[in-house]
Amino acid sequence: MKLDAAVNALTHRIRQRSQATRQAYLSRLALALERKPGVERLGCANVAHAFAASPANDKLRVVTQRSPNIGIVSAYNDMLSAHAPFQHYPDIIKIEARKLGATAQVAGGVPAMCDGVTQGTAGMELSLFSRDVIAMSTAIALSHDVFDAALLLGVCDKIVPGLLIGALHFGHLPTLFVPAGPMTSGLSNGEKAKVREKAAQGLVGRSELLQAESSAYHAAGTCTFYGTANSNQMLLEAMGLQVPGTAFVNPSDSLREELTREAVRTVLAGRQQGGEGLGCAPLGRVVDERCIVNAMVVLLATGGSTNHLIHWVAVARAAGIVIDWDDFSTLSAVVPLLARVYPNGSADVNQFQAAGGPGFVIRELLDAGLMHGDVLTVRPGGLREYTRVPVSTSAGTLDWADTGASRDDSVLRPVSAPFGATGGLKLLRGNLGRSVIKVSAVPQDRHQIEAPCRVFDSQEALHQAFEADELNRDLVCVVRWQGPQANGMPELHKLTSPLAVLQGRGFRVALVTDGRMSGASGKVPAAIHVSPEAAAGGALARLRDGDVIQLDAVQGTLQVLVSSAVWDERQPVAMPQELVDANALGMGRELFAGMRRHALTAEAGACSWLG
């Protein structure tokens with residue numbers, strides 16, 4: 001299938017724009033590839049330290065026989081449900097590597113925090129910057145430089161982007177992600193949301209709410225809604241960075257352990273075939289501008305997390321590629337919406353997988369010319385391998401089968417009959433700055449909102465006003481001082497319930513903020529990531545209660561309807577000193593002062609390592 005003209009033109013523009021930075025990146029990668037392999041790069045004392053604790057047979061393989069050595073970077077902890085299954089992965093990987101005449105070592109661990117635990121708390125202000133900490137931790141792990149390949153164990157929100165950013169700085173290494181899969185379905189996301197809305201109105205108490213939450217989040221694996229964690233997995237499939245079809249296989253499924261072994265076999269592909277070196281392509285060559293465009297296309301086609309308009313900008317920069325929100329907007333105009341998964345629909349990711357999952361989406365987009373098929377992946381068969389699903393044969397071996405047609409057209413539809421002609425994300429521009437909105441979950445009659453605003457300096461202030469019944473009218477709620485420089489740009493997901501209650505009462509409401517709302521932003525229109533942020537002198541710092549705001553997701557505008565003369569005379573207010581002090585102290589926030597100070601805008605990836 002011929003590549004869509006708009007996709008092709010955008011890829012060309014990204015390639016041209018990134019020429020200098022990408023070439024510099026590839027030059028560094030080439031120098032790294034010219035070096036001697038593995039332990040041969042190091043002196044005897046260095047090597048002795050690296051393998052002092054290794055079993056004798058492993059020492060023999062890696063030191064004497066010059067066998068490949070895999071570095072494992074793990075985000076395991078047993079508090080995150082999605083990461084708890086990783087506990088035994090290193091042993092599985094090491095055993096499989098030895099079968100293939102190779103070795104594996106846990107190179108290091110990276111922190112992994114759960115946004116579900118920290119939502120609405122001070123700890124959430126560390127969340128976004130944990131991505132850059134994870135990237136740095138990945139670099140520290142791989143800096144021991146005794147590795148010929150890497151396997152990355154991580155699933156959730158900031159963990160996957162952080163691992164990928166860190167690993168791209170070691171782009172000479174063949175690298176795969178090894179996922180753990182989603183938890184089995186519990187209480188439906190829709191029912192959980194209803195209980196949350198009742199709790200916000202005081203109609204149910206803590207015990208009922210906790211019971212509902214515990215019934216939804218009940219086992220090992222990722223949460224079952226299509227938020228940032230599961231969007232991560234969809235994007236990794238589209239980028240060809242893990243074994244095909246592994247994203248949404250449950251941790252308890254009999255295929256799971258075999259797929260983990262297959263990751264080892266994949267990264268050691270050349271070794272299996274008796275060749276010299278490894279057959280799996282270096283990560284830095286796999287992740288090129290076509291690969292990044294493929295990830296953007298799949299994000300839009302599935303109505304994925306808005307967080308990736310920040311994270312994948314940063315991922316691209318790590319590979320020397322420059323993208324921005326205009327690129328997402330251009331693609332959104334030509335990429336159809338193929339999936340309805342909560343919060344864009346009622347289905348969870350297990351139902352998405354049962355309907356056809358990533359394989360169906362990627363096949364449809366490839367066949368329509370909306371994805372680059374001529375890309376490198378970690379597999380020799382290229383991206384077409386990712387249109388198939390893993391199955392267990394009667395002999396107990398691993399195979400892949402055709403995805404076939406959608407098995408539930410309320411969840412997945414073909415390009416010929418999509419849920420929407422355009423993608424699930426929109427760029428908004430206007431005198432309030434640049435922002436994005438996830439429209440795929442918002443009712444059509446709410447894509448345009450015009451109402452007076454009420455300005456809040458914190459999400460707690462909005463909750464207090466809601467509980468005092470001060471918001472029962474058509475209203476645009478503005479929550480400022482929530483950007484990267486102000487307080488680390490926490491997610492404001494706890495605002496979803498009160499705003500949904502107001503909308504349910506018949507009021508036309510919207511949210512405008514320089515903060516984040518994650519992939520679960522729901523059915524209330526929310527203009528998020530407003531840039532420049534208020535703390536950097538952005539327009540939200542000039543708003544006053546009662547100003548009329550127009551949010552138009554159809555035309556792609558975000559405006560305050562104040563005369564130019566009045567608006568130009570207004571000076572931005574300063575962030576209240578009590579907020580400055582509060583954001584700087586407690587819960588470890590003192591340690592992140594430098595990151596807040598150096599953070600780039602949301603559109604530039606909120607990177608602290610480029611500032």
# chains A, B, ... in the order shown; residues from 1 in each chain; ligands from 1
$ residues_around --residues "range 300-308 of chain A" --least-positions-apart "6" --cutoff "7 Å" --atoms "only C-alpha atoms" --output "NGL selection string"
:A and (226-228 or 231 or 332 or 335-339 or 344 or 423-425 or 438 or 440 or 518-519)
$ residues_around --residues "range 456-458 of chain A" --least-positions-apart "5" --cutoff "8 Å" --atoms "only C-alpha atoms" --output "PyMOL selection string"
chain A and resi 477-482
$ select_by_dssp --residues "range 160-310 of chain A" --states "helix (DSSP H, G or I)" --output "compact mmCIF listing (two decimals) with C-alpha atoms, in the first residue's frame"
# COMPACT_ATOMS: atom_id res chain seq x y z
CA VAL A 160 8.56 3.16 29.75
CA PRO A 161 9.43 6.65 28.41
CA GLY A 162 12.19 6.96 31.01
CA LEU A 163 13.70 3.56 30.18
CA LEU A 164 13.51 4.34 26.47
CA ILE A 165 15.11 7.79 26.83
CA GLY A 166 17.93 6.31 28.91
CA ALA A 167 18.47 3.36 26.57
CA LEU A 168 18.56 5.63 23.50
CA ASN A 189 -14.25 1.11 34.63
CA GLY A 190 -17.69 2.59 34.02
CA GLU A 191 -19.10 1.24 37.28
CA LYS A 192 -16.02 2.43 39.15
CA ALA A 193 -16.50 5.93 37.70
CA LYS A 194 -20.14 5.98 38.82
CA VAL A 195 -19.16 5.15 42.39
CA ARG A 196 -16.50 7.90 42.31
CA GLU A 197 -19.10 10.42 41.16
CA LYS A 198 -21.47 9.34 43.94
CA ALA A 199 -18.64 9.70 46.45
CA ALA A 200 -17.92 13.21 45.14
CA ARG A 206 -15.39 5.68 52.20
CA SER A 207 -16.12 1.98 52.70
CA GLU A 208 -18.28 1.74 49.57
CA LEU A 209 -15.75 3.71 47.53
CA LEU A 210 -12.84 1.59 48.77
CA GLN A 211 -14.73 -1.60 47.96
CA ALA A 212 -15.35 -0.41 44.41
CA GLU A 213 -11.75 0.71 43.90
CA SER A 214 -10.43 -2.59 45.28
CA SER A 215 -12.74 -4.54 42.99
CA ALA A 216 -11.38 -2.63 40.00
CA THR A 228 -0.81 6.09 29.89
CA ALA A 229 0.50 2.65 30.89
CA ASN A 230 -1.49 0.74 28.30
CA SER A 231 -0.89 3.46 25.70
CA ASN A 232 2.83 2.83 26.34
CA GLN A 233 2.34 -0.78 25.39
CA MET A 234 0.43 0.08 22.22
CA LEU A 235 3.20 2.46 21.13
CA LEU A 236 5.96 -0.08 21.80
CA GLU A 237 4.17 -2.56 19.54
CA ALA A 238 3.86 0.09 16.81
CA MET A 239 7.57 0.91 17.15
CA LEU A 255 1.98 -17.65 27.12
CA ARG A 256 3.52 -15.00 29.35
CA GLU A 257 6.66 -16.88 30.43
CA GLU A 258 7.29 -18.19 26.92
CA LEU A 259 7.03 -14.66 25.52
CA THR A 260 9.66 -13.55 28.03
CA ARG A 261 11.95 -16.34 26.81
CA GLU A 262 11.22 -15.23 23.26
CA ALA A 263 12.51 -11.77 24.13
CA VAL A 264 15.87 -13.34 24.97
CA ARG A 265 15.85 -15.38 21.77
CA THR A 266 15.02 -12.22 19.79
CA VAL A 267 17.80 -10.07 21.23
CA ALA A 269 18.90 -13.69 17.14
CA GLY A 270 22.31 -13.82 15.45
CA ARG A 271 23.64 -16.12 18.17
CA GLN A 272 20.84 -18.62 17.57
CA LEU A 283 18.00 0.56 19.28
CA GLY A 284 19.21 3.90 17.89
CA ARG A 285 18.72 2.71 14.34
CA VAL A 286 15.29 1.22 15.01
CA GLU A 289 11.71 9.48 12.32
CA ARG A 290 9.49 6.84 10.63
CA CYS A 291 9.31 4.86 13.87
CA ILE A 292 8.33 7.98 15.81
CA VAL A 293 5.62 8.83 13.26
CA ASN A 294 4.26 5.28 13.54
CA ALA A 295 3.97 5.73 17.30
CA MET A 296 2.14 9.05 16.86
CA VAL A 297 -0.28 7.52 14.34
CA VAL A 298 -1.18 4.62 16.61
CA LEU A 299 -1.65 6.92 19.59
CA LEU A 300 -4.18 8.96 17.60
CA ALA A 301 -5.93 5.94 16.07
CA HIS A 308 2.43 11.07 25.26
CA LEU A 309 2.27 14.50 23.69
CA ILE A 310 4.90 15.23 26.34
$ closest_residue --among "A:Pro532, A:Gly396, A:Pro490, A:Pro414" --to "Arg516 in chain A" --atoms "only C-alpha atoms"
A:Pro490
$ closest_residue --among "A:Ala539, A:Ala318, A:Ala180, A:Val7" --to "Ser252 in chain A" --atoms "only C-alpha atoms"
A:Ala180
$ closest_residue --among "A:Gln577, A:Ser497, A:Ser329, A:Thr118" --to "Leu427 in chain A" --atoms "only C-alpha atoms"
A:Ser329
$ atom_distance --atom1 "CA of Leu610 in chain A" --atom2 "CA of Thr121 in chain A"
27.6 Å
$ residues_around --residues "Val415 in chain A" --least-positions-apart "3" --cutoff "12 Å" --atoms "only C-alpha atoms" --output "list in words"
Ala301, Thr302, Val334, Val335, Pro336, Leu337, Leu338, Ala339, Phe360, Val361, Ile362, Arg363, Glu364, Leu365, Leu366, Asp367, Ala368, Gly369, Leu370, Ala405, Ser406, Asp409, Leu412, Pro418, Phe419, Gly420, Ala421, Thr422 and Gly423 of chain A
$ write_last_selection --atoms "N, CA and C atoms" --output "CSV table (one decimal), in the first residue's frame"
chain,number,residue,atom,x,y,z
A,301,ALA,N,-4.9,6.9,16.6
A,301,ALA,CA,-5.9,5.9,16.1
A,301,ALA,C,-6.6,5.2,17.2
A,302,THR,N,-6.0,5.2,18.4
A,302,THR,CA,-6.6,4.5,19.5
A,302,THR,C,-7.1,5.4,20.6
A,334,VAL,N,-5.8,13.2,9.5
A,334,VAL,CA,-5.9,12.2,8.5
A,334,VAL,C,-6.0,10.8,9.1
A,335,VAL,N,-5.7,10.6,10.4
A,335,VAL,CA,-5.8,9.3,11.1
A,335,VAL,C,-7.1,9.1,11.7
A,336,PRO,N,-7.8,8.0,11.3
A,336,PRO,CA,-9.2,7.7,11.9
A,336,PRO,C,-9.1,7.1,13.2
A,337,LEU,N,-10.1,7.3,14.0
A,337,LEU,CA,-10.2,6.6,15.3
A,337,LEU,C,-10.8,5.2,15.2
A,338,LEU,N,-10.0,4.2,15.5
A,338,LEU,CA,-10.3,2.8,15.3
A,338,LEU,C,-10.8,2.1,16.6
A,339,ALA,N,-10.5,2.7,17.7
A,339,ALA,CA,-10.7,1.9,19.0
A,339,ALA,C,-11.6,2.7,19.9
A,360,PHE,N,-4.6,-5.9,15.2
A,360,PHE,CA,-5.6,-5.5,14.3
A,360,PHE,C,-5.4,-4.0,13.9
A,361,VAL,N,-5.1,-3.2,14.9
A,361,VAL,CA,-4.9,-1.7,14.6
A,361,VAL,C,-3.7,-1.5,13.7
A,362,ILE,N,-2.6,-2.2,13.9
A,362,ILE,CA,-1.4,-2.0,13.1
A,362,ILE,C,-1.7,-2.5,11.7
A,363,ARG,N,-2.3,-3.6,11.5
A,363,ARG,CA,-2.6,-4.1,10.2
A,363,ARG,C,-3.5,-3.2,9.4
A,364,GLU,N,-4.6,-2.6,10.1
A,364,GLU,CA,-5.5,-1.7,9.4
A,364,GLU,C,-4.7,-0.5,8.9
A,365,LEU,N,-3.9,0.1,9.8
A,365,LEU,CA,-3.2,1.3,9.5
A,365,LEU,C,-2.1,1.1,8.4
A,366,LEU,N,-1.4,-0.1,8.5
A,366,LEU,CA,-0.5,-0.4,7.4
A,366,LEU,C,-1.2,-0.6,6.1
A,367,ASP,N,-2.3,-1.3,6.1
A,367,ASP,CA,-3.0,-1.5,4.8
A,367,ASP,C,-3.6,-0.2,4.2
A,368,ALA,N,-3.8,0.7,5.1
A,368,ALA,CA,-4.4,2.0,4.6
A,368,ALA,C,-3.3,3.0,4.2
A,369,GLY,N,-2.0,2.6,4.4
A,369,GLY,CA,-0.9,3.5,4.1
A,369,GLY,C,-0.7,4.6,5.1
A,370,LEU,N,-1.2,4.4,6.3
A,370,LEU,CA,-1.1,5.4,7.4
A,370,LEU,C,0.1,5.1,8.3
A,405,ALA,N,-10.5,-10.5,11.3
A,405,ALA,CA,-11.4,-9.3,11.4
A,405,ALA,C,-11.7,-9.0,12.9
A,406,SER,N,-12.2,-7.8,13.1
A,406,SER,CA,-12.6,-7.4,14.5
A,406,SER,C,-13.6,-8.4,15.0
A,409,ASP,N,-17.1,-5.1,17.0
A,409,ASP,CA,-17.0,-3.8,16.3
A,409,ASP,C,-17.5,-2.6,17.2
A,412,LEU,N,-13.4,-2.3,18.3
A,412,LEU,CA,-12.4,-2.1,17.2
A,412,LEU,C,-13.1,-2.1,15.9
A,418,PRO,N,-14.6,3.6,10.5
A,418,PRO,CA,-14.0,4.0,11.8
A,418,PRO,C,-15.1,4.6,12.8
A,419,PHE,N,-14.7,4.8,14.0
A,419,PHE,CA,-15.5,5.5,15.0
A,419,PHE,C,-15.6,7.0,14.7
A,420,GLY,N,-14.5,7.5,14.1
A,420,GLY,CA,-14.4,8.9,13.8
A,420,GLY,C,-13.4,9.0,12.6
A,421,ALA,N,-13.6,10.0,11.8
A,421,ALA,CA,-12.7,10.2,10.6
A,421,ALA,C,-11.3,10.8,11.0
A,422,THR,N,-11.2,11.4,12.2
A,422,THR,CA,-10.0,11.9,12.7
A,422,THR,C,-9.6,11.4,14.0
A,423,GLY,N,-8.3,11.6,14.4
A,423,GLY,CA,-7.8,11.1,15.6
A,423,GLY,C,-8.4,11.6,16.9
$ decode --residues "range 208-356 of chain A" --atoms "C-alpha atoms" --output "PDB file, in the first residue's frame"
ATOM      1  CA  GLU A 208     -18.279   1.737  49.565  1.00  0.00           C
ATOM      2  CA  LEU A 209     -15.749   3.711  47.535  1.00  0.00           C
ATOM      3  CA  LEU A 210     -12.836   1.588  48.765  1.00  0.00           C
ATOM      4  CA  GLN A 211     -14.730  -1.601  47.959  1.00  0.00           C
ATOM      5  CA  ALA A 212     -15.350  -0.405  44.408  1.00  0.00           C
ATOM      6  CA  GLU A 213     -11.753   0.706  43.903  1.00  0.00           C
ATOM      7  CA  SER A 214     -10.429  -2.593  45.283  1.00  0.00           C
ATOM      8  CA  SER A 215     -12.737  -4.538  42.991  1.00  0.00           C
ATOM      9  CA  ALA A 216     -11.378  -2.628  40.005  1.00  0.00           C
ATOM     10  CA  TYR A 217      -7.697  -2.796  41.017  1.00  0.00           C
ATOM     11  CA  HIS A 218      -7.531  -6.335  42.319  1.00  0.00           C
ATOM     12  CA  ALA A 219      -4.555  -8.290  40.979  1.00  0.00           C
ATOM     13  CA  ALA A 220      -1.142  -8.223  39.330  1.00  0.00           C
ATOM     14  CA  GLY A 221      -0.898  -6.415  35.999  1.00  0.00           C
ATOM     15  CA  THR A 222      -1.589  -2.956  34.627  1.00  0.00           C
ATOM     16  CA  CYS A 223      -4.857  -1.172  35.311  1.00  0.00           C
ATOM     17  CA  THR A 224      -7.415  -2.162  32.712  1.00  0.00           C
ATOM     18  CA  PHE A 225      -8.359   1.293  31.389  1.00  0.00           C
ATOM     19  CA  TYR A 226      -6.608   2.750  28.340  1.00  0.00           C
ATOM     20  CA  GLY A 227      -4.487   5.282  30.167  1.00  0.00           C
ATOM     21  CA  THR A 228      -0.808   6.090  29.888  1.00  0.00           C
ATOM     22  CA  ALA A 229       0.497   2.652  30.889  1.00  0.00           C
ATOM     23  CA  ASN A 230      -1.490   0.739  28.297  1.00  0.00           C
ATOM     24  CA  SER A 231      -0.889   3.461  25.703  1.00  0.00           C
ATOM     25  CA  ASN A 232       2.832   2.832  26.341  1.00  0.00           C
ATOM     26  CA  GLN A 233       2.342  -0.785  25.388  1.00  0.00           C
ATOM     27  CA  MET A 234       0.434   0.079  22.224  1.00  0.00           C
ATOM     28  CA  LEU A 235       3.197   2.456  21.134  1.00  0.00           C
ATOM     29  CA  LEU A 236       5.961  -0.084  21.801  1.00  0.00           C
ATOM     30  CA  GLU A 237       4.169  -2.565  19.541  1.00  0.00           C
ATOM     31  CA  ALA A 238       3.857   0.085  16.810  1.00  0.00           C
ATOM     32  CA  MET A 239       7.568   0.913  17.153  1.00  0.00           C
ATOM     33  CA  GLY A 240       8.597  -2.735  16.929  1.00  0.00           C
ATOM     34  CA  LEU A 241      10.408  -2.649  20.264  1.00  0.00           C
ATOM     35  CA  GLN A 242       9.108  -5.820  21.875  1.00  0.00           C
ATOM     36  CA  VAL A 243       8.140  -9.331  20.869  1.00  0.00           C
ATOM     37  CA  PRO A 244       5.031  -9.000  18.657  1.00  0.00           C
ATOM     38  CA  GLY A 245       1.695  -9.280  20.416  1.00  0.00           C
ATOM     39  CA  THR A 246       3.055  -9.338  23.967  1.00  0.00           C
ATOM     40  CA  ALA A 247       1.492  -6.092  25.211  1.00  0.00           C
ATOM     41  CA  PHE A 248      -1.839  -7.313  26.553  1.00  0.00           C
ATOM     42  CA  VAL A 249      -1.280 -10.949  27.506  1.00  0.00           C
ATOM     43  CA  ASN A 250      -2.259 -11.307  31.177  1.00  0.00           C
ATOM     44  CA  PRO A 251       0.490 -12.113  33.718  1.00  0.00           C
ATOM     45  CA  SER A 252      -1.236 -15.390  34.583  1.00  0.00           C
ATOM     46  CA  ASP A 253      -1.542 -16.539  30.965  1.00  0.00           C
ATOM     47  CA  SER A 254       0.533 -19.603  30.070  1.00  0.00           C
ATOM     48  CA  LEU A 255       1.981 -17.654  27.119  1.00  0.00           C
ATOM     49  CA  ARG A 256       3.524 -15.000  29.355  1.00  0.00           C
ATOM     50  CA  GLU A 257       6.659 -16.878  30.431  1.00  0.00           C
ATOM     51  CA  GLU A 258       7.294 -18.185  26.922  1.00  0.00           C
ATOM     52  CA  LEU A 259       7.034 -14.665  25.523  1.00  0.00           C
ATOM     53  CA  THR A 260       9.662 -13.548  28.033  1.00  0.00           C
ATOM     54  CA  ARG A 261      11.948 -16.337  26.812  1.00  0.00           C
ATOM     55  CA  GLU A 262      11.222 -15.235  23.259  1.00  0.00           C
ATOM     56  CA  ALA A 263      12.509 -11.773  24.131  1.00  0.00           C
ATOM     57  CA  VAL A 264      15.874 -13.344  24.975  1.00  0.00           C
ATOM     58  CA  ARG A 265      15.848 -15.380  21.766  1.00  0.00           C
ATOM     59  CA  THR A 266      15.020 -12.218  19.792  1.00  0.00           C
ATOM     60  CA  VAL A 267      17.801 -10.071  21.230  1.00  0.00           C
ATOM     61  CA  LEU A 268      20.239 -12.957  20.641  1.00  0.00           C
ATOM     62  CA  ALA A 269      18.900 -13.689  17.138  1.00  0.00           C
ATOM     63  CA  GLY A 270      22.311 -13.824  15.454  1.00  0.00           C
ATOM     64  CA  ARG A 271      23.640 -16.115  18.173  1.00  0.00           C
ATOM     65  CA  GLN A 272      20.839 -18.618  17.567  1.00  0.00           C
ATOM     66  CA  GLN A 273      21.686 -18.805  13.870  1.00  0.00           C
ATOM     67  CA  GLY A 274      25.361 -19.437  14.559  1.00  0.00           C
ATOM     68  CA  GLY A 275      26.391 -16.037  13.281  1.00  0.00           C
ATOM     69  CA  GLU A 276      28.868 -13.655  14.804  1.00  0.00           C
ATOM     70  CA  GLY A 277      27.454 -10.834  16.884  1.00  0.00           C
ATOM     71  CA  LEU A 278      23.741 -10.219  17.289  1.00  0.00           C
ATOM     72  CA  GLY A 279      21.070 -10.176  14.607  1.00  0.00           C
ATOM     73  CA  CYS A 280      18.823  -7.699  16.407  1.00  0.00           C
ATOM     74  CA  ALA A 281      19.257  -4.117  15.146  1.00  0.00           C
ATOM     75  CA  PRO A 282      20.681  -1.455  17.502  1.00  0.00           C
ATOM     76  CA  LEU A 283      17.998   0.556  19.275  1.00  0.00           C
ATOM     77  CA  GLY A 284      19.211   3.896  17.894  1.00  0.00           C
ATOM     78  CA  ARG A 285      18.719   2.707  14.335  1.00  0.00           C
ATOM     79  CA  VAL A 286      15.286   1.218  15.011  1.00  0.00           C
ATOM     80  CA  VAL A 287      14.013   4.474  16.513  1.00  0.00           C
ATOM     81  CA  ASP A 288      14.163   6.838  13.540  1.00  0.00           C
ATOM     82  CA  GLU A 289      11.706   9.479  12.320  1.00  0.00           C
ATOM     83  CA  ARG A 290       9.490   6.837  10.633  1.00  0.00           C
ATOM     84  CA  CYS A 291       9.306   4.856  13.867  1.00  0.00           C
ATOM     85  CA  ILE A 292       8.326   7.975  15.810  1.00  0.00           C
ATOM     86  CA  VAL A 293       5.623   8.834  13.257  1.00  0.00           C
ATOM     87  CA  ASN A 294       4.261   5.284  13.536  1.00  0.00           C
ATOM     88  CA  ALA A 295       3.967   5.733  17.301  1.00  0.00           C
ATOM     89  CA  MET A 296       2.139   9.048  16.855  1.00  0.00           C
ATOM     90  CA  VAL A 297      -0.282   7.522  14.344  1.00  0.00           C
ATOM     91  CA  VAL A 298      -1.182   4.615  16.609  1.00  0.00           C
ATOM     92  CA  LEU A 299      -1.652   6.924  19.590  1.00  0.00           C
ATOM     93  CA  LEU A 300      -4.180   8.957  17.601  1.00  0.00           C
ATOM     94  CA  ALA A 301      -5.925   5.943  16.069  1.00  0.00           C
ATOM     95  CA  THR A 302      -6.596   4.458  19.508  1.00  0.00           C
ATOM     96  CA  GLY A 303      -7.429   7.647  21.426  1.00  0.00           C
ATOM     97  CA  GLY A 304      -4.420   7.129  23.665  1.00  0.00           C
ATOM     98  CA  SER A 305      -3.031   9.090  26.569  1.00  0.00           C
ATOM     99  CA  THR A 306      -2.464  12.825  26.309  1.00  0.00           C
ATOM    100  CA  ASN A 307       0.696  12.316  28.375  1.00  0.00           C
ATOM    101  CA  HIS A 308       2.431  11.069  25.256  1.00  0.00           C
ATOM    102  CA  LEU A 309       2.274  14.504  23.692  1.00  0.00           C
ATOM    103  CA  ILE A 310       4.900  15.230  26.341  1.00  0.00           C
ATOM    104  CA  HIS A 311       6.701  11.901  26.676  1.00  0.00           C
ATOM    105  CA  TRP A 312       7.180  11.027  23.023  1.00  0.00           C
ATOM    106  CA  VAL A 313       8.496  14.499  22.267  1.00  0.00           C
ATOM    107  CA  ALA A 314      11.182  13.725  24.862  1.00  0.00           C
ATOM    108  CA  VAL A 315      11.766  10.214  23.487  1.00  0.00           C
ATOM    109  CA  ALA A 316      12.230  11.620  19.990  1.00  0.00           C
ATOM    110  CA  ARG A 317      14.715  14.221  21.251  1.00  0.00           C
ATOM    111  CA  ALA A 318      16.755  11.447  22.874  1.00  0.00           C
ATOM    112  CA  ALA A 319      17.197   9.968  19.379  1.00  0.00           C
ATOM    113  CA  GLY A 320      18.002  13.351  17.816  1.00  0.00           C
ATOM    114  CA  ILE A 321      14.507  13.781  16.334  1.00  0.00           C
ATOM    115  CA  VAL A 322      12.482  16.983  16.782  1.00  0.00           C
ATOM    116  CA  ILE A 323       8.679  16.801  16.858  1.00  0.00           C
ATOM    117  CA  ASP A 324       6.023  19.153  18.238  1.00  0.00           C
ATOM    118  CA  TRP A 325       2.285  19.388  18.758  1.00  0.00           C
ATOM    119  CA  ASP A 326       1.711  20.722  15.245  1.00  0.00           C
ATOM    120  CA  ASP A 327       2.909  17.338  14.003  1.00  0.00           C
ATOM    121  CA  PHE A 328       0.344  15.524  16.135  1.00  0.00           C
ATOM    122  CA  SER A 329      -2.336  17.925  14.877  1.00  0.00           C
ATOM    123  CA  THR A 330      -1.382  17.295  11.232  1.00  0.00           C
ATOM    124  CA  LEU A 331      -1.631  13.540  11.715  1.00  0.00           C
ATOM    125  CA  SER A 332      -4.852  13.787  13.692  1.00  0.00           C
ATOM    126  CA  ALA A 333      -6.549  15.292  10.628  1.00  0.00           C
ATOM    127  CA  VAL A 334      -5.897  12.157   8.530  1.00  0.00           C
ATOM    128  CA  VAL A 335      -5.756   9.301  11.069  1.00  0.00           C
ATOM    129  CA  PRO A 336      -9.158   7.746  11.854  1.00  0.00           C
ATOM    130  CA  LEU A 337     -10.212   6.639  15.330  1.00  0.00           C
ATOM    131  CA  LEU A 338     -10.346   2.825  15.295  1.00  0.00           C
ATOM    132  CA  ALA A 339     -10.730   1.930  18.973  1.00  0.00           C
ATOM    133  CA  ARG A 340     -13.197   2.564  21.764  1.00  0.00           C
ATOM    134  CA  VAL A 341     -11.536   1.620  25.045  1.00  0.00           C
ATOM    135  CA  TYR A 342     -12.317   3.234  28.392  1.00  0.00           C
ATOM    136  CA  PRO A 343     -12.431   6.211  28.865  1.00  0.00           C
ATOM    137  CA  ASN A 344     -13.219   6.514  25.123  1.00  0.00           C
ATOM    138  CA  GLY A 345     -15.722   3.681  25.418  1.00  0.00           C
ATOM    139  CA  SER A 346     -16.943   1.056  27.862  1.00  0.00           C
ATOM    140  CA  ALA A 347     -14.481  -1.743  26.985  1.00  0.00           C
ATOM    141  CA  ASP A 348     -11.312  -2.406  28.952  1.00  0.00           C
ATOM    142  CA  VAL A 349      -7.952  -3.476  27.509  1.00  0.00           C
ATOM    143  CA  ASN A 350      -8.770  -7.162  27.914  1.00  0.00           C
ATOM    144  CA  GLN A 351     -11.796  -6.688  25.684  1.00  0.00           C
ATOM    145  CA  PHE A 352      -9.623  -4.650  23.319  1.00  0.00           C
ATOM    146  CA  GLN A 353      -7.173  -7.556  23.142  1.00  0.00           C
ATOM    147  CA  ALA A 354     -10.002 -10.067  22.618  1.00  0.00           C
ATOM    148  CA  ALA A 355     -11.405  -7.951  19.776  1.00  0.00           C
ATOM    149  CA  GLY A 356      -8.091  -7.989  17.901  1.00  0.00           C
TER     150      GLY A 356
END
